[in-house]
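*Asks:* What follows is model-v1.cif, made up of mmCIF, C-alpha atoms:
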```
data_entry
#
loop_
_atom_site.group_PDB
_atom_site.id
_atom_site.type_symbol
_atom_site.label_atom_id
_atom_site.label_comp_id
_atom_site.auth_asym_id
_atom_site.auth_seq_id
_atom_site.Cartn_x
_atom_site.Cartn_y
_atom_site.Cartn_z
ATOM 1 C CA MET A 1 21.073 26.112 15.509
ATOM 2 C CA PRO A 2 21.100 26.650 11.741
ATOM 3 C CA SER A 3 18.910 24.300 9.746
ATOM 4 C CA THR A 4 17.283 24.046 6.367
ATOM 5 C CA THR A 5 13.831 25.342 5.574
ATOM 6 C CA ASN A 6 10.706 23.258 5.152
ATOM 7 C CA GLY A 7 11.026 23.751 1.408
ATOM 8 C CA ASP A 8 14.522 22.297 1.449
ATOM 9 C CA TRP A 9 13.293 19.251 3.330
ATOM 10 C CA ARG A 10 10.603 18.680 0.728
ATOM 11 C CA MET A 11 13.175 18.900 -2.056
ATOM 12 C CA ALA A 12 14.741 15.742 -0.619
ATOM 13 C CA LEU A 13 11.558 13.709 -1.098
ATOM 14 C CA SER A 14 10.266 12.536 -4.430
ATOM 15 C CA HIS A 15 6.584 13.020 -5.314
ATOM 16 C CA LYS A 16 5.976 9.315 -4.802
ATOM 17 C CA GLN A 17 7.602 9.318 -1.382
ATOM 18 C CA ASP A 18 5.678 12.425 -0.427
ATOM 19 C CA SER A 19 2.396 10.712 -1.265
ATOM 20 C CA ILE A 20 3.404 7.751 0.887
ATOM 21 C CA THR A 21 4.203 9.907 3.907
ATOM 22 C CA THR A 22 0.904 11.773 3.689
ATOM 23 C CA GLY A 23 -1.176 8.705 2.833
ATOM 24 C CA CYS A 24 -0.193 6.364 5.673
ATOM 25 C CA ASP A 25 -3.220 5.284 7.713
ATOM 26 C CA ILE A 26 -1.277 3.965 10.738
ATOM 27 C CA ASP A 27 -1.441 6.206 13.802
ATOM 28 C CA PHE A 28 2.071 7.015 15.038
ATOM 29 C CA SER A 29 1.098 10.214 16.823
ATOM 30 C CA ASP A 30 1.763 8.911 20.345
ATOM 31 C CA LEU A 31 5.377 8.012 19.518
ATOM 32 C CA LYS A 32 8.335 10.153 20.580
ATOM 33 C CA ALA A 33 11.728 10.337 18.906
ATOM 34 C CA VAL A 34 15.008 11.927 19.935
ATOM 35 C CA PHE A 35 17.793 12.799 17.480
ATOM 36 C CA PHE A 36 21.416 13.288 18.485
ATOM 37 C CA ASN A 37 23.719 14.963 15.977
ATOM 38 C CA ALA A 38 27.364 14.044 16.574
ATOM 39 C CA THR A 39 28.851 16.539 14.137
ATOM 40 C CA LEU A 40 32.208 17.971 15.186
ATOM 41 C CA LYS A 41 31.139 21.433 14.064
ATOM 42 C CA HIS A 42 30.524 24.272 16.479
ATOM 43 C CA PRO A 43 26.815 24.731 17.297
ATOM 44 C CA SER A 44 26.821 28.064 15.440
ATOM 45 C CA GLN A 45 27.817 26.381 12.158
ATOM 46 C CA ASP A 46 25.595 24.597 9.651
ATOM 47 C CA SER A 47 25.814 20.814 9.780
ATOM 48 C CA HIS A 48 25.433 18.533 6.770
ATOM 49 C CA THR A 49 24.356 15.771 9.151
ATOM 50 C CA ASP A 50 21.602 18.062 10.437
ATOM 51 C CA THR A 51 20.428 18.562 6.855
ATOM 52 C CA LEU A 52 19.779 14.833 6.383
ATOM 53 C CA LEU A 53 18.334 14.534 9.882
ATOM 54 C CA ASP A 54 15.937 17.292 8.774
ATOM 55 C CA VAL A 55 14.501 14.904 6.191
ATOM 56 C CA VAL A 56 13.891 12.183 8.790
ATOM 57 C CA ALA A 57 12.337 14.790 11.084
ATOM 58 C CA GLU A 58 10.023 15.897 8.267
ATOM 59 C CA ILE A 59 8.863 12.327 7.648
ATOM 60 C CA PHE A 60 8.246 11.819 11.360
ATOM 61 C CA ALA A 61 6.407 15.150 11.570
ATOM 62 C CA SER A 62 4.170 14.097 8.664
ATOM 63 C CA GLN A 63 3.050 11.203 10.887
ATOM 64 C CA GLY A 64 2.517 13.335 13.982
ATOM 65 C CA VAL A 65 5.570 12.018 15.819
ATOM 66 C CA GLY A 66 7.139 14.377 18.335
ATOM 67 C CA VAL A 67 10.872 14.915 17.752
ATOM 68 C CA THR A 68 13.435 16.299 20.193
ATOM 69 C CA ARG A 69 16.866 17.188 18.774
ATOM 70 C CA HIS A 70 20.261 17.756 20.331
ATOM 71 C CA ARG A 71 23.556 18.927 18.795
ATOM 72 C CA LEU A 72 26.023 17.036 20.985
ATOM 73 C CA SER A 73 28.803 19.576 20.428
ATOM 74 C CA GLU A 74 26.746 21.947 22.601
ATOM 75 C CA TYR A 75 27.367 19.688 25.580
ATOM 76 C CA THR A 76 30.254 18.214 27.553
ATOM 77 C CA LEU A 77 30.192 14.430 27.708
ATOM 78 C CA ALA A 78 32.797 13.459 30.268
ATOM 79 C CA PRO A 79 34.845 10.329 29.460
ATOM 80 C CA GLY A 80 33.651 7.203 31.219
ATOM 81 C CA VAL A 81 30.860 4.672 31.271
ATOM 82 C CA TYR A 82 28.829 5.750 34.285
ATOM 83 C CA PRO A 83 25.593 7.748 34.046
ATOM 84 C CA ASP A 84 27.118 10.768 35.823
ATOM 85 C CA MET A 85 30.875 11.067 35.652
ATOM 86 C CA THR A 86 30.931 13.955 38.154
ATOM 87 C CA GLU A 87 30.593 11.169 40.706
ATOM 88 C CA HIS A 88 33.853 9.721 39.378
ATOM 89 C CA GLY A 89 36.206 12.684 39.401
ATOM 90 C CA TRP A 90 35.105 14.914 36.510
ATOM 91 C CA ASP A 91 34.033 18.501 37.148
ATOM 92 C CA ARG A 92 31.312 18.466 34.488
ATOM 93 C CA ASP A 93 29.184 15.903 32.697
ATOM 94 C CA ASP A 94 26.100 17.007 30.754
ATOM 95 C CA TRP A 95 24.827 13.496 30.094
ATOM 96 C CA PRO A 96 22.381 13.637 33.045
ATOM 97 C CA LYS A 97 20.695 16.520 31.162
ATOM 98 C CA LEU A 98 20.335 14.416 28.008
ATOM 99 C CA SER A 99 19.617 10.911 29.261
ATOM 100 C CA PRO A 100 15.993 11.647 30.325
ATOM 101 C CA ASP A 101 15.178 12.332 26.671
ATOM 102 C CA VAL A 102 16.558 8.896 25.746
ATOM 103 C CA PHE A 103 14.419 7.157 28.335
ATOM 104 C CA ASP A 104 11.356 9.195 27.347
ATOM 105 C CA ALA A 105 11.689 8.345 23.639
ATOM 106 C CA ASP A 106 10.435 5.375 21.659
ATOM 107 C CA ILE A 107 12.964 5.999 18.849
ATOM 108 C CA ILE A 108 16.609 7.077 19.192
ATOM 109 C CA VAL A 109 18.452 8.263 16.073
ATOM 110 C CA LEU A 110 22.170 9.061 16.051
ATOM 111 C CA GLY A 111 23.500 11.204 13.223
ATOM 112 C CA THR A 112 27.227 11.220 12.552
ATOM 113 C CA PRO A 113 29.684 12.394 9.917
ATOM 114 C CA ILE A 114 32.440 10.101 8.655
ATOM 115 C CA TRP A 115 35.995 11.045 9.629
ATOM 116 C CA LEU A 116 38.932 8.796 8.693
ATOM 117 C CA GLY A 117 36.411 6.108 7.777
ATOM 118 C CA GLU A 118 34.817 6.083 11.220
ATOM 119 C CA LYS A 119 31.965 7.699 13.137
ATOM 120 C CA SER A 120 32.928 10.923 14.868
ATOM 121 C CA SER A 121 34.586 10.963 18.272
ATOM 122 C CA ILE A 122 31.450 12.589 19.682
ATOM 123 C CA ALA A 123 29.340 9.728 18.295
ATOM 124 C CA GLN A 124 31.593 7.259 20.094
ATOM 125 C CA SER A 125 31.180 9.250 23.307
ATOM 126 C CA PHE A 126 27.406 9.071 22.873
ATOM 127 C CA ILE A 127 27.540 5.296 22.474
ATOM 128 C CA GLU A 128 29.656 5.036 25.607
ATOM 129 C CA LYS A 129 27.021 7.065 27.437
ATOM 130 C CA LEU A 130 24.320 4.611 26.335
ATOM 131 C CA TYR A 131 26.537 1.827 27.639
ATOM 132 C CA ALA A 132 26.707 3.633 30.983
ATOM 133 C CA HIS A 133 23.146 2.407 31.598
ATOM 134 C CA SER A 134 23.888 -1.218 30.745
ATOM 135 C CA ALA A 135 23.443 -2.341 34.343
ATOM 136 C CA GLU A 136 20.016 -0.718 34.691
ATOM 137 C CA THR A 137 16.734 -2.554 34.186
ATOM 138 C CA ASN A 138 13.153 -1.636 33.332
ATOM 139 C CA GLU A 139 10.065 -2.422 35.391
ATOM 140 C CA GLN A 140 10.051 -5.986 34.051
ATOM 141 C CA GLY A 141 13.663 -6.614 35.025
ATOM 142 C CA GLN A 142 14.929 -6.451 31.432
ATOM 143 C CA TYR A 143 17.765 -4.194 30.320
ATOM 144 C CA ALA A 144 16.698 -0.553 30.417
ATOM 145 C CA PHE A 145 16.515 0.115 26.659
ATOM 146 C CA TYR A 146 14.334 -2.898 25.819
ATOM 147 C CA GLY A 147 11.271 -1.761 23.883
ATOM 148 C CA LYS A 148 13.034 1.195 22.243
ATOM 149 C CA VAL A 149 14.153 1.399 18.610
ATOM 150 C CA GLY A 150 17.441 2.714 17.240
ATOM 151 C CA GLY A 151 18.698 3.958 13.875
ATOM 152 C CA CYS A 152 21.493 6.088 12.434
ATOM 153 C CA VAL A 153 22.109 8.735 9.777
ATOM 154 C CA VAL A 154 25.570 9.041 8.209
ATOM 155 C CA THR A 155 27.038 11.794 6.018
ATOM 156 C CA GLY A 156 30.434 12.488 4.479
ATOM 157 C CA ASN A 157 32.327 12.649 1.204
ATOM 158 C CA GLU A 158 34.288 9.412 1.510
ATOM 159 C CA ASP A 159 33.108 5.796 1.467
ATOM 160 C CA GLY A 160 32.120 4.180 4.748
ATOM 161 C CA ILE A 161 28.376 4.507 5.402
ATOM 162 C CA LYS A 162 27.891 0.768 5.906
ATOM 163 C CA HIS A 163 31.010 0.458 8.055
ATOM 164 C CA VAL A 164 29.937 3.312 10.326
ATOM 165 C CA ALA A 165 26.331 2.082 10.488
ATOM 166 C CA ALA A 166 27.486 -1.440 11.373
ATOM 167 C CA GLY A 167 29.331 -0.179 14.432
ATOM 168 C CA VAL A 168 26.608 2.189 15.567
ATOM 169 C CA LEU A 169 23.726 -0.237 15.101
ATOM 170 C CA TYR A 170 25.561 -3.125 16.748
ATOM 171 C CA ALA A 171 26.314 -0.940 19.780
ATOM 172 C CA MET A 172 22.685 0.124 19.967
ATOM 173 C CA SER A 173 21.464 -3.463 19.794
ATOM 174 C CA HIS A 174 24.011 -4.593 22.378
ATOM 175 C CA VAL A 175 22.636 -2.173 24.983
ATOM 176 C CA GLY A 176 19.056 -3.324 24.293
ATOM 177 C CA LEU A 177 17.669 -1.186 21.476
ATOM 178 C CA THR A 178 15.752 -2.914 18.703
ATOM 179 C CA ILE A 179 17.227 -2.443 15.219
ATOM 180 C CA PRO A 180 14.634 -2.943 12.463
ATOM 181 C CA PRO A 181 15.456 -3.760 8.827
ATOM 182 C CA GLN A 182 17.177 -0.973 6.878
ATOM 183 C CA ALA A 183 17.775 1.100 10.014
ATOM 184 C CA ASP A 184 20.410 3.357 8.505
ATOM 185 C CA CYS A 185 20.685 5.896 5.724
ATOM 186 C CA GLY A 186 23.307 8.261 4.441
ATOM 187 C CA TRP A 187 24.909 10.207 1.639
ATOM 188 C CA ILE A 188 28.514 10.454 0.505
ATOM 189 C CA GLY A 189 29.924 12.361 -2.428
ATOM 190 C CA GLU A 190 32.868 11.473 -4.584
ATOM 191 C CA ALA A 191 36.045 10.389 -2.842
ATOM 192 C CA GLY A 192 38.266 13.298 -1.923
ATOM 193 C CA PRO A 193 37.455 16.976 -1.390
ATOM 194 C CA GLY A 194 34.068 18.032 -2.676
ATOM 195 C CA PRO A 195 30.558 19.052 -1.664
ATOM 196 C CA SER A 196 28.856 17.506 1.340
ATOM 197 C CA TYR A 197 25.162 16.753 1.695
ATOM 198 C CA GLY A 198 23.079 19.880 1.155
ATOM 199 C CA ASP A 199 25.869 22.135 -0.108
ATOM 200 C CA GLU A 200 24.722 24.600 -2.750
ATOM 201 C CA GLN A 201 26.326 23.892 -6.135
ATOM 202 C CA ASP A 202 27.173 26.192 -9.038
ATOM 203 C CA ASP A 203 23.832 25.557 -10.734
ATOM 204 C CA GLY A 204 21.886 26.392 -7.566
ATOM 205 C CA SER A 205 20.994 22.771 -6.752
ATOM 206 C CA ARG A 206 21.812 21.162 -3.390
ATOM 207 C CA ALA A 207 24.298 18.278 -3.326
ATOM 208 C CA GLY A 208 22.670 14.912 -2.707
ATOM 209 C CA PHE A 209 19.073 16.120 -2.746
ATOM 210 C CA ASP A 210 18.408 14.350 -6.061
ATOM 211 C CA ASN A 211 20.094 11.093 -5.039
ATOM 212 C CA GLU A 212 17.377 8.442 -5.239
ATOM 213 C CA PHE A 213 19.405 5.902 -3.234
ATOM 214 C CA THR A 214 19.587 8.318 -0.301
ATOM 215 C CA GLN A 215 15.928 9.305 -0.714
ATOM 216 C CA ARG A 216 14.831 5.671 -0.683
ATOM 217 C CA ASN A 217 16.985 4.532 2.221
ATOM 218 C CA THR A 218 16.066 7.561 4.314
ATOM 219 C CA THR A 219 12.363 6.915 3.766
ATOM 220 C CA PHE A 220 12.734 3.172 4.433
ATOM 221 C CA MET A 221 14.686 3.854 7.605
ATOM 222 C CA ALA A 222 12.202 6.393 8.934
ATOM 223 C CA PHE A 223 9.180 4.180 8.370
ATOM 224 C CA ASN A 224 10.854 1.002 9.611
ATOM 225 C CA LEU A 225 11.745 2.812 12.830
ATOM 226 C CA LEU A 226 8.119 3.920 13.126
ATOM 227 C CA HIS A 227 6.731 0.446 12.411
ATOM 228 C CA ALA A 228 9.055 -1.262 14.899
ATOM 229 C CA ALA A 229 8.306 1.315 17.584
ATOM 230 C CA ARG A 230 4.567 0.960 16.916
ATOM 231 C CA MET A 231 4.670 -2.829 17.302
ATOM 232 C CA LEU A 232 6.757 -2.699 20.466
ATOM 233 C CA LYS A 233 4.618 -0.015 22.092
ATOM 234 C CA ASP A 234 1.380 -1.793 21.232
ATOM 235 C CA ASN A 235 2.682 -5.014 22.772
ATOM 236 C CA GLY A 236 4.248 -3.514 25.879
ATOM 237 C CA GLY A 237 7.775 -4.148 24.658
ATOM 238 C CA TYR A 238 9.253 -7.634 24.699
ATOM 239 C CA PRO A 239 7.639 -10.357 26.820
ATOM 240 C CA ALA A 240 9.622 -10.760 30.045
ATOM 241 C CA VAL A 241 10.399 -14.407 29.351
ATOM 242 C CA GLY A 242 13.927 -15.730 29.059
ATOM 243 C CA ASN A 243 15.453 -12.238 29.036
ATOM 244 C CA VAL A 244 15.097 -10.984 32.626
ATOM 245 C CA LYS A 245 18.433 -10.119 34.186
ATOM 246 C CA THR A 246 17.214 -10.266 37.767
ATOM 247 C CA ASP A 247 16.053 -13.884 37.352
ATOM 248 C CA TRP A 248 19.706 -14.889 37.142
ATOM 249 C CA GLY A 249 20.774 -12.945 40.207
ATOM 250 C CA ASP A 250 20.100 -15.728 42.707
ATOM 251 C CA GLY A 251 22.096 -18.388 40.899
ATOM 252 C CA ASN A 252 19.192 -19.807 38.918
ATOM 253 C CA LYS A 253 19.469 -20.049 35.135
ATOM 254 C CA PRO A 254 15.893 -19.910 33.838
ATOM 255 C CA GLY A 255 15.666 -20.976 30.210
ATOM 256 C CA TRP A 256 19.159 -22.493 30.098
ATOM 257 C CA PRO A 257 19.010 -26.187 29.071
ATOM 258 C CA ASN A 258 19.698 -28.520 31.979
ATOM 259 C CA PRO A 259 22.751 -30.603 31.039
ATOM 260 C CA GLU A 260 21.344 -33.574 32.972
ATOM 261 C CA HIS A 261 18.515 -33.790 30.445
ATOM 262 C CA ARG A 262 20.673 -33.735 27.323
#
```
Would you mind writing the structure in this file as structure tokens?
*Replies:*
Amino acid sequence: MPSTTNGDWRMALSHKQDSITTGCDIDFSDLKAVFFNATLKHPSQDSHTDTLLDVVAEIFASQGVGVTRHRLSEYTLAPGVYPDMTEHGWDRDDWPKLSPDVFDADIIVLGTPIWLGEKSSIAQSFIEKLYAHSAETNEQGQYAFYGKVGGCVVTGNEDGIKHVAAGVLYAMSHVGLTIPPQADCGWIGEAGPGPSYGDEQDDGSRAGFDNEFTQRNTTFMAFNLLHAARMLKDNGGYPAVGNVKTDWGDGNKPGWPNPEHR
């Protein structure tokens, strides 16, 4: 799919940020990340959301992190909240092709444009697909996404980054992903019609590339995702204490205060 060049990615990072990304002495090279772009655009078209995801990918690459990327408009996500909706009446569901990359990753990033003040319809479908695994557990009996980290990238030319991020990040946390501080970033232009992130302007510059707020939040998000994933991986995820679904399956309530002792 179309994307920006390495030079364009570097334009989005200040000299100070660039020195930070190349000077970090923490080893993140065993981490894996997967990016899902929920643009509504056809896969053959350039995506402004991809352009900002490019910056996050460049930061991750500078730390040796492997990144897998998917443009969700290339796939068919059948409606429903089961892992494979072909078992529930639909002729096609591509989620079984994508879900292994989610389970293989330490970091999951969802990129979405803003439409009518909300995340895209494809982004909502992606969240519903994550929810399809809400009944599954890991080897410790915790919910399946425990130990993984989530974040989101938002683009548009109307207000709403925080609103969209709030919904996406809550959904991610609800299904078991860890959301670190400052786990979102984005860029929006002036209200109304106008350039979107990365559009070439009359003077040859690219819209949003010089926006320090976006530069800072994108860098913070990328590194906070890396730090959280590093801590979780080094500690084997969360301790399986007080958060094991299967412990409640036999009618016991481990960790719940006994009312007789209150």
*Asks:* Between atom CA of Thr112 of chain A and atom CA of Val154 of chain A, what is the distance in Å, rounded to a tenth?
*Replies:*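 Answer for the atom CA of Thr112 of chain A to atom CA of Val154 of chain A separation: 5.1 Å.
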*Asks:* For the atom pair atom CA of Gly151 of chain A and atom CA of Asp184 of chain A, what is the interatomic distance in Å to one decimal place?
*Replies:*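 So the two atoms, atom CA of Gly151 of chain A and atom CA of Asp184 of chain A, lie 5.7 Å apart.
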*Asks:* Find the residues near Asn211 of chain A: any atom within 12 Å, counting only C-alpha atoms, skip ones fewer than 3 places away on the same chain, and give them as an MDAnalysis selection string.
*Replies:* chainID A and resid 11:14 185:189 197:198 205:208 214:218
*Asks:* Restricting the calculation to all atoms listed in the file: of A:Pro239, A:Gly194, A:Gly147, A:Pro113, which residue gets closest to Val175 of chain A?
*Replies:* A:Gly147
*Asks:* Quick one, how far is atom CA of Ala183 of chain A from atom CA of Arg69 of chain A?
*Replies:* 18.3 Å
*Asks:* For Gly117 of chain A, which residue out of A:Asp199, A:Asp247, A:Glu158, A:Glu212 is the nearest one, using only C-alpha atoms?
*Replies:* A:Glu158
*Asks:* What residues come out when you apply the PyMOL selection byres ((chain A and resi 128) around 10) to this file, written as a list of chain:residue names?
*Replies:*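 Those residues are A:Leu77, A:Pro79, A:Gly80, A:Val81, A:Tyr82, A:Pro83, A:Ile122, A:Ala123, A:Gln124, A:Ser125, A:Phe126, A:Ile127, A:Lys129, A:Leu130, A:Tyr131, A:Ala132, A:His133, A:Ser134, A:Ala171.
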*Asks:* Using the chain letters and numbers from the file, give me the residues hit by the PyMOL selection byres ((chain A and resi 176) around 8), as a list in words.
*Replies:*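 Checking the PyMOL selection byres ((chain A and resi 176) around 8) against this file, the residues are Tyr143, Ala144, Phe145, Tyr146, Gly147, Lys148, Met172, Ser173, His174, Val175, Leu177 and Thr178 of chain A.
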*Asks:* Put the listed atoms of segment 211-221 of chain A in a box along x, y and z with 5 Å added on every side and give me the centre and edge lengths in Å to one decimal, as lines of an AutoDock Vina configuration file.
*Replies:*
```
center_x = 16.2
center_y = 7.1
center_z = 1.2
size_x = 17.7
size_y = 17.9
size_z = 22.8
```
*Asks:* Using all atoms listed in the file, determine which residues lie at most 10 Å from Asp30 of chain A, disregarding the query and same-chain residues fewer than 4 positions distant; provide the list as a PyMOL selection string.
*Replies:* chain A and resi 63-66+106+230+233
*Asks:* Those residues with C-alpha atoms, as an mmCIF file, in the coordinates of the input please?
*Replies:*
```cif
data_model
loop_
_atom_site.group_PDB
_atom_site.id
_atom_site.type_symbol
_atom_site.label_atom_id
_atom_site.label_comp_id
_atom_site.auth_asym_id
_atom_site.auth_seq_id
_atom_site.Cartn_x
_atom_site.Cartn_y
_atom_site.Cartn_z
ATOM 1 C CA GLN A 63 3.050 11.203 10.887
ATOM 2 C CA GLY A 64 2.517 13.335 13.982
ATOM 3 C CA VAL A 65 5.570 12.018 15.819
ATOM 4 C CA GLY A 66 7.139 14.377 18.335
ATOM 5 C CA ASP A 106 10.435 5.375 21.659
ATOM 6 C CA ARG A 230 4.567 0.960 16.916
ATOM 7 C CA LYS A 233 4.618 -0.015 22.092
#
```
*Asks:* Can you list what the PyMOL selection byres ((chain A and resi 39-48) around 7) grabs from this structure, as a ChimeraX atom specification?
*Replies:* /A:1-3,37-38,49-52,71,73-74,112-113,120,155,196-198
*Asks:* I'd like the contact shell of Ala191 of chain A - 10 Å cut-off, all atoms listed in the file, skipping same-chain residues fewer than 6 positions apart - returned as a PyMOL selection string.
*Replies:* chain A and resi 156-159
*Asks:* Would you mind exporting the chosen residues as a CSV table (one decimal), keeping the file's coordinate frame, restricted to C-alpha atoms?
*Replies:*
```
chain,number,residue,atom,x,y,z
A,156,GLY,CA,30.4,12.5,4.5
A,157,ASN,CA,32.3,12.6,1.2
A,158,GLU,CA,34.3,9.4,1.5
A,159,ASP,CA,33.1,5.8,1.5
```
*Asks:* Neighbours of segment 90-105 of chain A within 6 Å (all atoms listed in the file; same-chain residues fewer than 5 positions away dropped), as a list in words?
*Replies:* Lys32, Ala33, Tyr75, Thr76, Leu77, Ala78 and Met85 of chain A
*Asks:* Restricting the calculation to all atoms listed in the file: of A:Val244, A:Ile107, A:Cys152, A:Val34, which residue gets closest to Val168 of chain A?
*Replies:* A:Cys152
